[in-house]
Structure formats: C-alpha cells, structure tokens
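Source file start-v7.txt; content: compact mmCIF, C-alpha atoms.
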# COMPACT_ATOMS: atom_id res chain seq x y z
CA MET N 93 -7.44 -56.22 2.33
CA SER N 94 -8.62 -55.90 5.91
CA SER N 95 -12.06 -54.58 6.76
CA ILE N 96 -12.40 -50.79 6.72
CA GLN N 97 -14.16 -48.89 9.49
CA THR N 98 -17.09 -46.68 8.53
CA SER N 99 -16.16 -43.41 10.31
CA ARG N 100 -14.94 -40.71 7.92
CA THR N 101 -11.39 -39.46 8.51
CA LYS N 102 -9.45 -36.45 7.24
CA PHE N 103 -7.64 -38.12 4.35
CA ALA N 104 -7.52 -36.81 0.79
CA VAL N 105 -6.48 -38.99 -2.14
CA GLY N 106 -5.34 -38.02 -5.61
CA HIS N 107 -7.21 -39.09 -8.72
CA TYR N 108 -5.30 -41.12 -11.32
CA LEU N 109 -6.05 -43.11 -14.44
CA THR N 110 -4.71 -46.59 -15.03
CA GLU N 111 -4.09 -47.92 -18.54
CA LYS N 112 -7.18 -50.12 -18.30
CA PRO N 113 -10.38 -49.04 -16.52
CA ASP N 114 -10.80 -52.49 -14.96
CA ASP N 115 -7.30 -52.55 -13.46
CA PRO N 116 -7.49 -54.01 -9.91
CA ALA N 117 -5.55 -50.93 -8.73
CA SER N 118 -7.73 -48.39 -10.56
CA PHE N 119 -8.97 -45.25 -8.85
CA ALA N 120 -12.53 -46.54 -9.25
CA GLU N 121 -11.59 -49.56 -7.14
CA LEU N 122 -9.82 -47.35 -4.59
CA ALA N 123 -12.89 -45.11 -4.29
CA ARG N 124 -15.26 -48.08 -4.02
CA ARG N 125 -13.20 -49.61 -1.24
CA PHE N 126 -12.31 -46.57 0.83
CA ALA N 127 -14.81 -43.78 0.11
CA PRO N 128 -16.52 -44.09 3.53
CA ARG N 129 -13.18 -43.21 5.17
CA LEU N 130 -12.10 -40.36 2.88
CA ARG N 131 -12.89 -36.66 3.10
CA GLU N 132 -11.56 -35.31 -0.21
CA VAL N 133 -10.30 -36.24 -3.66
CA TYR N 134 -7.90 -33.87 -5.42
CA PHE N 135 -7.74 -34.03 -9.19
CA PRO N 136 -6.15 -32.43 -12.26
CA TRP N 137 -8.24 -31.38 -15.24
CA PRO N 138 -7.31 -31.72 -18.92
CA GLY N 139 -5.53 -28.59 -20.14
CA LEU N 140 -4.93 -27.11 -16.68
CA SER N 141 -1.28 -27.27 -15.61
CA ASN N 142 -0.55 -28.94 -12.30
CA ALA N 143 2.39 -30.32 -10.36
CA ARG N 144 2.68 -33.60 -12.26
CA ALA N 145 3.89 -34.29 -15.77
CA LYS N 146 1.07 -36.67 -16.65
CA VAL N 147 -1.91 -35.11 -18.40
CA TYR N 148 -5.30 -36.51 -19.33
CA ASP N 149 -5.18 -36.28 -23.10
CA LYS N 150 -6.81 -39.47 -24.42
CA PRO N 151 -10.30 -39.29 -25.99
CA ASP N 152 -12.08 -41.03 -23.12
CA ASP N 153 -10.05 -39.55 -20.25
CA GLU N 154 -12.59 -36.86 -19.36
CA GLU N 155 -15.41 -39.41 -19.39
CA ARG N 156 -13.49 -41.64 -16.99
CA ILE N 157 -12.53 -38.85 -14.59
CA VAL N 158 -16.11 -37.53 -14.56
CA ALA N 159 -17.44 -40.98 -13.66
CA ASP N 160 -14.92 -41.31 -10.83
CA LEU N 161 -15.61 -37.83 -9.46
CA LYS N 162 -19.37 -38.38 -9.55
CA TYR N 163 -18.91 -41.53 -7.50
CA CYS N 164 -16.82 -39.59 -4.97
CA ARG N 165 -19.35 -36.76 -4.79
CA GLU N 166 -22.23 -39.21 -4.32
CA HIS N 167 -20.32 -40.85 -1.47
CA GLY N 168 -19.64 -37.69 0.49
CA MET N 169 -16.17 -36.67 -0.68
CA LYS N 170 -15.28 -33.05 -1.37
CA LEU N 171 -13.68 -32.23 -4.73
CA ASP N 172 -10.38 -30.31 -4.87
CA ILE N 173 -9.27 -29.18 -8.35
CA LEU N 174 -5.52 -28.73 -8.84
CA ALA N 175 -3.85 -25.67 -10.29
CA ASN N 176 -0.63 -26.26 -8.34
CA ALA N 177 2.07 -26.01 -10.99
CA THR N 178 5.23 -24.15 -10.00
CA CYS N 179 5.31 -22.42 -13.39
CA TYR N 180 2.62 -21.50 -15.93
CA GLY N 181 5.02 -19.91 -18.40
CA GLU N 182 3.65 -17.27 -20.75
CA GLN N 183 0.09 -18.14 -19.77
CA SER N 184 0.59 -16.68 -16.27
CA PHE N 185 -1.38 -13.55 -15.35
CA THR N 186 -3.21 -13.43 -18.66
CA LYS N 187 -6.81 -12.96 -19.71
CA GLU N 188 -6.59 -16.34 -21.47
CA GLN N 189 -5.70 -18.06 -18.22
CA ARG N 190 -8.56 -16.33 -16.39
CA LEU N 191 -11.09 -17.33 -19.06
CA GLN N 192 -9.75 -20.89 -19.09
CA ILE N 193 -10.15 -21.25 -15.33
CA ILE N 194 -13.63 -19.78 -15.35
CA GLY N 195 -14.64 -22.00 -18.26
CA ILE N 196 -13.43 -25.15 -16.51
CA ILE N 197 -15.35 -24.39 -13.31
CA GLU N 198 -18.52 -23.57 -15.28
CA HIS N 199 -18.14 -26.84 -17.19
CA LEU N 200 -17.71 -28.81 -13.96
CA ASP N 201 -20.71 -27.01 -12.52
CA GLU N 202 -22.83 -28.14 -15.47
CA LEU N 203 -21.69 -31.71 -14.80
CA GLY N 204 -22.74 -31.44 -11.15
CA LEU N 205 -19.07 -31.46 -10.11
CA ARG N 206 -18.45 -27.90 -8.96
CA PRO N 207 -15.41 -28.28 -6.69
CA GLU N 208 -15.49 -27.23 -3.06
CA ILE N 209 -11.75 -26.47 -3.09
CA ILE N 210 -9.00 -25.31 -5.45
CA THR N 211 -5.37 -25.91 -4.54
CA THR N 212 -3.09 -23.46 -6.28
CA THR N 213 0.39 -21.98 -6.19
CA SER N 214 -0.67 -18.98 -8.28
CA PRO N 215 -1.69 -15.69 -6.65
CA TYR N 216 -3.40 -14.76 -9.91
CA ILE N 217 -5.53 -17.92 -9.99
CA ALA N 218 -6.32 -17.42 -6.30
CA LYS N 219 -7.51 -13.87 -7.08
CA VAL N 220 -9.63 -15.12 -10.00
CA PHE N 221 -11.36 -17.55 -7.64
CA ARG N 222 -11.81 -14.99 -4.89
CA LEU N 223 -13.54 -12.62 -7.31
CA ASN N 224 -15.53 -15.12 -9.39
CA PHE N 225 -16.14 -18.12 -7.10
CA PRO N 226 -16.15 -16.82 -3.51
CA ASP N 227 -17.87 -19.99 -2.31
CA ILE N 228 -14.88 -22.20 -3.29
CA GLU N 229 -12.18 -22.69 -0.67
CA ILE N 230 -8.74 -21.54 -1.86
CA ARG N 231 -5.91 -23.72 -0.57
CA ALA N 232 -2.18 -22.99 -0.68
CA SER N 233 -0.24 -25.85 -2.27
CA VAL N 234 2.45 -27.80 -0.45
CA ASN N 235 4.74 -26.62 -3.25
CA MET N 236 4.65 -23.11 -1.77
CA ARG N 237 6.79 -24.37 1.14
CA LEU N 238 5.02 -22.44 3.91
CA ARG N 239 7.16 -22.92 7.00
CA ASN N 240 6.18 -20.14 9.43
CA THR N 241 3.27 -17.98 10.52
CA LEU N 242 4.58 -14.93 8.66
CA ALA N 243 4.12 -16.79 5.35
CA LEU N 244 0.56 -17.71 6.39
CA GLU N 245 -0.12 -14.08 7.27
CA TYR N 246 1.04 -12.88 3.85
CA LEU N 247 -1.41 -15.21 2.14
CA ALA N 248 -4.35 -14.64 4.47
CA PRO N 249 -6.26 -12.18 2.23
CA LEU N 250 -6.49 -14.72 -0.61
CA TYR N 251 -6.19 -18.20 0.92
CA ASP N 252 -8.52 -20.09 3.27
CA SER N 253 -6.34 -23.11 4.01
CA TYR N 254 -2.68 -24.06 3.77
CA TYR N 255 -0.51 -27.11 3.30
CA ILE N 256 2.33 -26.88 5.79
CA CYS N 257 5.82 -27.14 4.32
CA ARG N 258 6.93 -30.76 4.43
CA ASP N 259 10.37 -29.75 5.72
CA VAL N 260 9.01 -28.51 9.07
CA GLN N 261 5.88 -30.61 9.64
CA ARG N 262 7.70 -33.13 11.86
CA ASP N 263 8.99 -30.34 14.10
CA LEU N 264 6.20 -30.47 16.68
CA PRO N 265 6.72 -26.97 18.17
CA THR N 266 6.66 -25.39 14.67
CA PHE N 267 3.70 -27.53 13.61
CA ARG N 268 1.70 -26.56 16.70
CA THR N 269 2.58 -22.87 16.36
CA MET N 270 1.31 -22.82 12.77
CA ALA N 271 -1.80 -24.81 13.72
CA ALA N 272 -2.59 -22.39 16.54
CA TRP N 273 -2.19 -19.42 14.20
CA CYS N 274 -4.63 -20.97 11.73
CA LYS N 275 -7.18 -21.62 14.47
CA ASP N 276 -6.88 -18.05 15.79
CA HIS N 277 -7.32 -16.55 12.31
CA GLY N 278 -10.13 -18.74 10.99
CA LYS N 279 -7.87 -20.67 8.61
CA LYS N 280 -7.24 -24.40 8.11
CA LEU N 281 -3.98 -26.36 8.16
CA CYS N 282 -3.32 -29.42 5.98
CA MET N 283 -0.46 -31.91 5.63
CA LEU N 284 1.04 -34.28 3.04
CA ALA N 285 1.77 -37.52 4.91
CA ASN N 286 3.62 -39.87 2.54
CA SER N 287 6.09 -37.82 0.55
CA GLY N 288 9.29 -39.65 -0.38
CA CYS N 289 11.09 -36.40 -1.21
CA VAL N 290 14.32 -35.52 0.54
CA ARG N 291 13.88 -33.02 3.34
CA ASN N 292 15.09 -29.50 2.51
CA CYS N 293 15.83 -30.61 -1.04
CA PRO N 294 17.64 -27.73 -2.81
CA TRP N 295 16.44 -28.93 -6.21
CA GLN N 296 12.75 -29.19 -5.37
CA VAL N 297 11.75 -26.02 -7.22
CA PHE N 298 13.85 -27.01 -10.24
CA HIS N 299 12.24 -30.46 -10.32
CA GLU N 300 8.69 -29.15 -9.89
CA THR N 301 9.21 -26.56 -12.61
CA LEU N 302 10.26 -29.27 -15.05
CA LEU N 303 7.13 -31.22 -14.14
CA SER N 304 5.02 -28.11 -14.72
CA HIS N 305 6.26 -28.08 -18.31
CA GLY N 306 5.54 -31.74 -18.90
CA PHE N 307 8.95 -33.33 -18.41
CA SER N 308 8.53 -36.93 -17.24
CA PHE N 309 12.20 -37.85 -16.79
CA THR N 310 12.11 -40.88 -19.04
CA PHE N 311 15.50 -42.04 -20.23
CA ALA N 312 14.20 -42.29 -23.78
CA GLU N 313 13.43 -38.56 -23.94
CA MET N 314 16.18 -36.98 -21.87
CA ASP N 315 19.91 -37.12 -21.32
CA ALA N 316 19.78 -39.38 -18.27
CA GLN N 317 23.51 -39.05 -17.57
CA ASN N 318 22.93 -35.39 -16.78
CA ILE N 319 20.04 -36.00 -14.38
CA ASP N 320 21.29 -36.51 -10.84
CA LEU N 321 18.49 -35.37 -8.55
CA VAL N 322 19.36 -35.39 -4.87
CA CYS N 323 17.10 -38.33 -3.96
CA ASN N 324 18.30 -40.54 -6.81
CA ALA N 325 21.94 -39.97 -5.99
CA MET N 326 21.44 -40.27 -2.25
CA PHE N 327 19.58 -43.56 -2.09
CA SER N 328 21.98 -45.24 -4.49
CA ARG N 329 24.75 -45.13 -1.86
CA LYS N 330 24.67 -47.37 1.20
CA LYS N 331 26.29 -44.84 3.49
CA LYS N 332 23.49 -42.36 2.72
CA LEU N 333 20.51 -44.65 3.36
CA ALA N 334 19.93 -43.11 6.79
CA GLU N 335 18.90 -39.92 4.99
CA PHE N 336 15.55 -41.62 4.38
CA LEU N 337 14.85 -41.34 8.10
CA ARG N 338 15.48 -37.58 7.90
CA CYS N 339 12.85 -37.09 5.19
CA THR N 340 9.36 -35.64 5.69
CA TRP N 341 6.99 -38.63 5.78
CA ILE N 342 4.68 -39.44 8.68
CA ARG N 343 4.10 -43.12 9.47
CA PRO N 344 0.47 -44.34 9.57
CA GLU N 345 0.91 -45.08 13.30
CA ASP N 346 1.98 -41.49 14.01
CA VAL N 347 -0.74 -39.58 12.16
CA HIS N 348 -2.79 -39.37 15.36
CA VAL N 349 -0.18 -37.00 16.82
CA PHE N 350 -0.97 -34.41 14.14
CA GLU N 351 -4.57 -35.15 13.12
CA PRO N 352 -6.43 -33.11 15.78
CA GLU N 353 -4.89 -29.87 14.43
CA LEU N 354 -5.44 -30.64 10.74
CA GLU N 355 -8.25 -30.07 8.28
CA THR N 356 -6.92 -32.54 5.69
CA ILE N 357 -4.20 -35.17 5.49
CA LYS N 358 -3.15 -35.64 1.90
CA LEU N 359 -2.01 -39.02 0.62
CA SER N 360 0.06 -38.94 -2.55
CA THR N 361 -1.49 -41.55 -4.86
CA ARG N 362 -1.50 -40.03 -8.35
CA GLU N 363 1.70 -41.76 -9.51
CA ALA N 364 2.35 -44.04 -6.54
CA LYS N 365 3.21 -47.66 -7.24
CA PHE N 366 0.85 -49.09 -4.61
CA PRO N 367 -2.05 -46.62 -4.14
CA LEU N 368 -4.52 -49.03 -2.53
CA GLU N 369 -1.88 -50.27 -0.10
CA ILE N 370 -1.05 -46.68 0.84
CA VAL N 371 -4.64 -45.74 1.55
CA GLU N 372 -5.39 -48.88 3.53
CA ALA N 373 -2.32 -48.36 5.73
CA TYR N 374 -3.23 -44.78 6.60
CA VAL N 375 -6.97 -45.20 7.13
CA ASN N 376 -6.22 -48.14 9.43
CA GLY N 377 -3.41 -46.28 11.21
CA SER N 378 -1.18 -49.33 11.04
CA TYR N 379 1.09 -51.00 8.52
CA ASP N 380 3.04 -54.24 8.81
CA GLY N 381 5.36 -54.07 5.80
CA ASN N 382 8.08 -52.23 3.94
CA LEU N 383 7.59 -48.52 4.71
CA LEU N 384 9.24 -47.64 1.39
CA ARG N 385 6.18 -49.00 -0.43
CA LEU N 386 4.01 -46.27 1.06
CA MET N 387 6.13 -43.41 -0.24
CA ASP N 388 5.75 -41.34 -3.40
CA PRO N 389 8.29 -41.29 -4.91
CA ASN N 390 9.11 -44.85 -3.94
CA HIS N 391 12.80 -45.51 -3.22
CA ALA N 392 12.56 -49.25 -2.60
CA LEU N 393 14.93 -50.06 -5.45
CA GLY N 394 17.73 -48.03 -3.92
CA PHE N 395 17.52 -50.08 -0.72
CA ARG N 396 17.42 -53.53 -2.28
CA PRO N 397 17.94 -56.22 -1.15
CA ASN N 398 16.81 -54.59 2.10
CA ARG N 399 13.55 -53.07 3.27
CA ILE N 400 12.45 -50.65 5.99
CA ASP N 401 10.35 -52.59 8.50
CA ASN N 402 7.64 -50.17 9.60
CA LYS N 403 6.85 -52.08 12.79
CA SER N 404 10.44 -51.84 14.06
CA PHE N 405 10.40 -48.09 14.71
CA PRO N 406 10.62 -47.00 18.35
CA ALA N 407 7.34 -45.90 19.92
CA ASP N 408 8.72 -42.40 20.56
CA TRP N 409 9.94 -41.91 16.98
CA VAL N 410 7.94 -38.68 16.56
CA THR N 411 7.71 -37.36 20.11
CA SER N 412 11.41 -37.88 20.94
CA GLY N 413 12.44 -35.31 18.35
CA ILE N 414 14.61 -37.69 16.34
CA ALA N 415 12.15 -37.42 13.47
CA GLY N 416 11.69 -33.71 14.02
CA LYS N 417 13.69 -30.55 14.43
CA CYS N 418 17.14 -32.11 14.66
CA ALA N 419 17.08 -32.91 10.94
CA GLU N 420 16.86 -29.19 10.11
CA ASN N 421 20.50 -28.64 11.03
CA CYS N 422 21.83 -32.19 11.18
CA THR N 423 25.07 -32.70 13.09
CA HIS N 424 25.26 -36.39 12.10
CA CYS N 425 25.13 -37.46 15.73
CA GLY N 426 24.50 -41.11 14.77
CA LYS N 427 20.96 -41.48 16.18
CA CYS N 428 19.39 -42.03 12.76
CA GLU N 429 22.04 -44.60 11.89
CA GLN N 430 21.27 -46.45 15.13
CA ILE N 431 17.58 -46.56 14.26
CA LEU N 432 18.39 -47.63 10.70
CA GLU N 433 20.16 -50.67 12.12
CA LYS N 434 16.89 -51.62 13.85
CA VAL N 435 14.46 -50.94 11.02
CA MET N 436 16.38 -52.05 7.92
CA LYS N 437 15.92 -55.78 7.34
CA TYR N 438 17.01 -58.22 4.67
CA ASP N 439 14.18 -58.65 2.15
CA ILE N 440 13.54 -62.34 1.61
CA ASP N 441 10.79 -61.72 -0.97
CA PRO N 442 12.42 -62.29 -4.38
CA THR N 443 9.47 -60.76 -6.22
CA SER N 444 10.25 -57.34 -4.75
CA ARG N 445 13.79 -57.16 -6.16
CA LEU N 446 13.06 -56.50 -9.85
CA ASP N 447 16.19 -58.42 -10.83
CA GLY N 448 17.51 -57.45 -14.25
CA PHE N 449 15.56 -54.20 -14.39
CA SER N 450 15.94 -50.61 -13.28
CA LEU N 451 13.38 -47.86 -12.84
CA THR N 452 13.23 -44.58 -14.69
CA ASN N 453 12.66 -41.50 -12.60
CA ASN N 454 8.95 -41.69 -13.26
CA TYR N 455 9.00 -45.32 -12.08
CA THR N 456 8.48 -47.08 -15.37
CA LEU N 457 10.29 -50.40 -15.68
CA VAL N 458 12.97 -50.45 -18.35
CA ALA N 459 15.63 -53.01 -19.20
CA PRO N 460 19.07 -51.68 -18.19
CA LYS N 461 22.20 -51.58 -20.22
CA LYS N 462 24.57 -54.37 -19.35
CA LYS N 463 27.04 -52.08 -17.59
CA ASP N 464 24.31 -50.81 -15.24
CA ILE N 465 23.33 -54.17 -13.73
CA SER N 466 26.14 -54.12 -11.16
CA ASP N 467 24.94 -50.72 -9.99
CA LEU N 468 21.58 -52.20 -9.00
CA ASP N 469 23.12 -54.88 -6.81
CA HIS N 470 25.61 -52.78 -4.93
CA VAL N 471 23.70 -52.44 -1.65
CA PRO N 472 24.62 -55.42 0.55
CA ALA N 473 22.30 -56.90 3.15
CA VAL N 474 22.59 -55.46 6.64
CA LYS N 475 25.04 -57.55 8.59
CA GLY N 476 23.34 -60.25 10.57
CA LYS N 477 19.93 -59.72 9.03
CA LYS N 478 20.07 -62.32 6.27
CA PRO N 479 18.24 -65.51 7.31

Represent the structure of the file as structure tokens.
Amino acid sequence: MSSIQTSRTKFAVGHYLTEKPDDPASFAELARRFAPRLREVYFPWPGLSNARAKVYDKPDDEERIVADLKYCREHGMKLDILANATCYGEQSFTKEQRLQIIGIIEHLDELGLRPEIITTTSPYIAKVFRLNFPDIEIRASVNMRLRNTLALEYLAPLYDSYYICRDVQRDLPTFRTMAAWCKDHGKKLCMLANSGCVRNCPWQVFHETLLSHGFSFTFAEMDAQNIDLVCNAMFSRKKKLAEFLRCTWIRPEDVHVFEPELETIKLSTREAKFPLEIVEAYVNGSYDGNLLRLMDPNHALGFRPNRIDNKSFPADWVTSGIAGKCAENCTHCGKCEQILEKVMKYDIDPTSRLDGFSLTNNYTLVAPKKKDISDLDHVPAVKGKKP
C-alpha cells in the first residue's frame, strides 16, 4: 500500500464483517489504515432491514461492529445507520417498526455511538426520525433513484441530504442542476462512486426487493437457471462488453470533477471483493490496475481473460460527454466500442483467472458443473493484445 495523505476527504465506506476478525482485509484494518482520509462509515444493524442480504446474526457480531464503530468515532468519522431496504414487508408503517427504530437508536446512544445520519428509503422511518431524533441527518438512499430537482423538492420536508440517482450522475448538466438546487435549498448532495450495476437497469427494483427479504442468490438455495439478471447476462457475451463503459461508475481520477458539489462520496465496500484496494484507489485519486476490481458488483470474471486498464482511458472521458448523457438514449454510435479497444487488455496474470471455478451471484467461489466450464472461457483475448 502507498502512503496515505492526512487531509480528510468526503469518502464514506461501508462496514462489513470478515469470517475471521484478524483477516488482513477486515474492516478494522481498513479503518486503521484509512480513517484519517474518511468522513463517514455507513453500517447496518442486527435486525434492521437494509439493502443487502447479509445480516449480522452471529453471537459476537454486535461486539465486533461496536468495536469497529467506536474506532471510527474516535478517529473523527461520522456514523450513518442504514435503513435503506426497498421493502419492509408487513413491518412497514407499524408501531412495532417505530419502537424498533427508537430502541436501536437509544441502544446506540447508550454505547456512545448515536449516529449523525440515517440513510433510508422509507418515508415512515424518515418521519419517525424527524419527530423523535431531529438532530440526526436524514439522507435519501441511492435506491430511491432521485434523478431531477422535482424529486428532491418532494422529499424536502423530511430529508436533509440525497444520493443522486446513479443513472444520471455522469450527466454533468443534470448533476450540476441538482447540486445547485441543493445548495439553494440548504440540502446536501451525495454520490455512489463505484457501482458495478448496469445503467438504467430495469430489474434494479426487483433485485433490491429480493435482497431486502434476505435472498443471497446462491445456487444452492435458488433455481439458478431461472436467474438471468441484466448484468450477468450482459457481461457473459463479448459483443456486450462495451456496456460496462455505459454504466454509472466514476473513476478515481475523475472524482475531482464532482467533489466540490458533494457532501459525501460513497464507496461500496460491504460485499466488495477488494475493499482495501477500492479505498486506496479513491483516496489517492489514482489507480494503475484493472478497473473491474474496484466495482461492486465485480464483473471481472465476465471479461476474462481480459481486463479494463484504468490508465488507458482518455483524459476527457468525463468532460467529453461519452461517459455522460449519451448513454441515456444510446444510439450505438460506436464511440464506446472504440474506447473499449483502447482500455481492454489481455490479462497476463494467471492468478486472476479463477480457472476451473465460477462465481455465484453473491461472489462466492463454487466449483462448476462440467458442462459450464466452456462458458467461462468463451471470451477471447482482444486481437493484438496478447503478448
């Protein structure tokens, strides 16, 4: 790891638990290494539904998360509790939900961990906080897909800050219009920088609702033949690989274009494969490696045996508009394919290929059936790139 500067930036990281507390990639190690550069940590709490299937349900989970959050608090990071599920089922809008939320905040308060922020999709939970905890900032989740100032206006009575919809955040005129509205109305704008989700994904709400109810998409538990999410299908076909360039991510080198208008820049680390690598790349504003490794979800397997060379992007990638508005109503003009030819390289690192294995949709390694092995090797190297 390179040395980290000491000035605090606007990044927020997600709390996660590794199987072993002393894992070199544990959240405790991430916090120890990068806390001076981080503004916030967002975290789920046992029993409170959020936008990920994983829950903290082991006997010592609360003890571990409390220790991590105390470290973050002691080192100047704000705490952001998550209630960002797309669906709360029969618990929605109930007295039980209200009492649960209030009880959790009171418990955290007793631990010295009263959060400064709650991120929620629920208007009911937002109202509970407005009435009972007026000192806690209420933030609209990225899952609410806020893409214009009218949506911000509708939420203004209850919400203090907003995550901009990923689908429009690269469109600089739209981004700046929403940022200006927030400034004029005393609100704050935030952004998720490293999402690997497909832009304008029509199945996003369906997917997030499944996650809200605890589905983890493991082949062992579900009928995998009937799961064909847009991203999985898209990045398994060579002719569709350019769609990755039309997604919503912001490269570490391009964050500076957006940062002056933002309160917080969220980095998705809760289930990412390489969380420390992600954070280092963004806090340093530079990354010399396979851009796919920084994304959550990570689509590196779909591109094998190739990689996306982050340093090969043109300097005007963001400001030229290629990464921006034109992907809203794509005419398949060929510009993205031309850039793909420049940035997709043959991967000479054999350890990155996971030969003989596939990944489940929650990125757990599993041995494939024999008939599936050919499917993993179908993407040929880009012509002329193999050494």

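For Arg291 in chain N, the non-local neighbours within 12 Å, defined as residues at least 5 positions apart in the same chain or in other chains and counting all atoms listed in the file, are Arg237, Cys257, Arg258, Asp259, Val260, Gln261, Arg262, Gln296, Val322, Cys323, Met326, Glu335, Phe336, Leu337, Arg338, Cys339, Thr340, Trp341, Ala415, Gly416, Lys417, Cys418, Ala419, Glu420, Asn421 and Cys422 of chain N.
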
Do you know which residues are at most 8 Å from Ser233 in chain N counting all atoms listed in the file, after dropping those on the same chain fewer than 3 positions away, and could you put them as a list in words? Asn176, Thr211, Thr212, Thr213, Met236, Arg237, Tyr254 and Tyr255 of chain N

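Of the listed residues N:Val105, N:Leu130, N:Leu238, N:Cys293, the one whose atoms come nearest to Glu363 in chain N is N:Val105, with distances taken using only C-alpha atoms.
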
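Residues within 9 Å of Leu354 in chain N, counting all atoms listed in the file and excluding same-chain residues fewer than 2 positions away, are N:Lys102, N:Ala271, N:Lys280, N:Leu281, N:Cys282, N:Met283, N:Phe350, N:Glu351, N:Pro352, N:Thr356, N:Ile357.
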
Using only C-alpha atoms, can you tell me which of N:Ala232, N:Leu122, N:Val290, N:Ile210 comes closest to Ile173 in chain N? N:Ile210

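Straight-line separation from CA of Pro136 in chain N to CA of Ala175 in chain N: 7.4 Å.
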
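Close contacts of Phe126 in chain N, defined as residues with an atom at most 9 Å away when counting all atoms listed in the file, with chain neighbours fewer than 2 positions off set aside, comprise Ile96, Glu121, Leu122, Ala123, Arg124, Pro128, Arg129, Leu130, Leu368, Val371, Glu372 and Val375 of chain N.
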
Nearest residue to His299 in chain N out of N:Glu345, N:Ile230, N:Arg144, N:Ile194, using all atoms listed in the file? N:Arg144

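Note that the spacing between CA of Pro397 in chain N and CA of Arg362 in chain N amounts to 26.3 Å.
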
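Nearest to Lys365 in chain N of all the residues N:Ala104, N:Ala117, N:Leu264, N:Ile256 is N:Ala117, based on only C-alpha atoms.
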
Skip Phe119 in chain N itself and residues of its chain fewer than 4 positions away, then list as JSON, numbers by chain all residues within 9 Å of it, counting only C-alpha atoms. {"N": [106, 107, 108, 109, 110, 113, 115, 123, 124, 160, 367, 368]}

Suppose we keep C-alpha atoms; can you now write the selection as a short mmCIF file (atom, residue, chain, number, x, y, z; two decimals), in the frame of the given file?
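Dumped everything to result_1.cif:
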data_model
loop_
_atom_site.label_atom_id
_atom_site.label_comp_id
_atom_site.auth_asym_id
_atom_site.auth_seq_id
_atom_site.Cartn_x
_atom_site.Cartn_y
_atom_site.Cartn_z
CA GLY N 106 -5.34 -38.02 -5.61
CA HIS N 107 -7.21 -39.09 -8.72
CA TYR N 108 -5.30 -41.12 -11.32
CA LEU N 109 -6.05 -43.11 -14.44
CA THR N 110 -4.71 -46.59 -15.03
CA PRO N 113 -10.38 -49.04 -16.52
CA ASP N 115 -7.30 -52.55 -13.46
CA ALA N 123 -12.89 -45.11 -4.29
CA ARG N 124 -15.26 -48.08 -4.02
CA ASP N 160 -14.92 -41.31 -10.83
CA PRO N 367 -2.05 -46.62 -4.14
CA LEU N 368 -4.52 -49.03 -2.53
#

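Candidate residues N:Gly426, N:Gly278, N:Gly288, N:Gly139 were compared for distance to Thr361 in chain N, and the nearest is N:Gly288, using all atoms listed in the file.
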
Given the point (-14.6, -33.4, -1.8) in the coordinates of this file, which residues lie within 9 Å, counting all atoms listed in the file, and how would they look as a tab-separated table (two decimals) with C-alpha atoms, keeping the file's coordinate frame?
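What landed in part-v3.tsv:
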chain	number	residue	atom	x	y	z
N	104	ALA	CA	-7.52	-36.81	0.79
N	130	LEU	CA	-12.10	-40.36	2.88
N	131	ARG	CA	-12.89	-36.66	3.10
N	132	GLU	CA	-11.56	-35.31	-0.21
N	133	VAL	CA	-10.30	-36.24	-3.66
N	134	TYR	CA	-7.90	-33.87	-5.42
N	161	LEU	CA	-15.61	-37.83	-9.46
N	164	CYS	CA	-16.82	-39.59	-4.97
N	165	ARG	CA	-19.35	-36.76	-4.79
N	168	GLY	CA	-19.64	-37.69	0.49
N	169	MET	CA	-16.17	-36.67	-0.68
N	170	LYS	CA	-15.28	-33.05	-1.37
N	171	LEU	CA	-13.68	-32.23	-4.73
N	172	ASP	CA	-10.38	-30.31	-4.87
N	207	PRO	CA	-15.41	-28.28	-6.69
N	208	GLU	CA	-15.49	-27.23	-3.06
N	209	ILE	CA	-11.75	-26.47	-3.09

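Our summary of the geometry notes that CA of Asn142 in chain N is positioned 28.1 Å from CA of Asp263 in chain N.
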
Nearest to Ile196 in chain N among N:Cys425, N:Leu174, N:Ala159, N:Leu247, with distances taken over only C-alpha atoms: which residue is it? N:Leu174
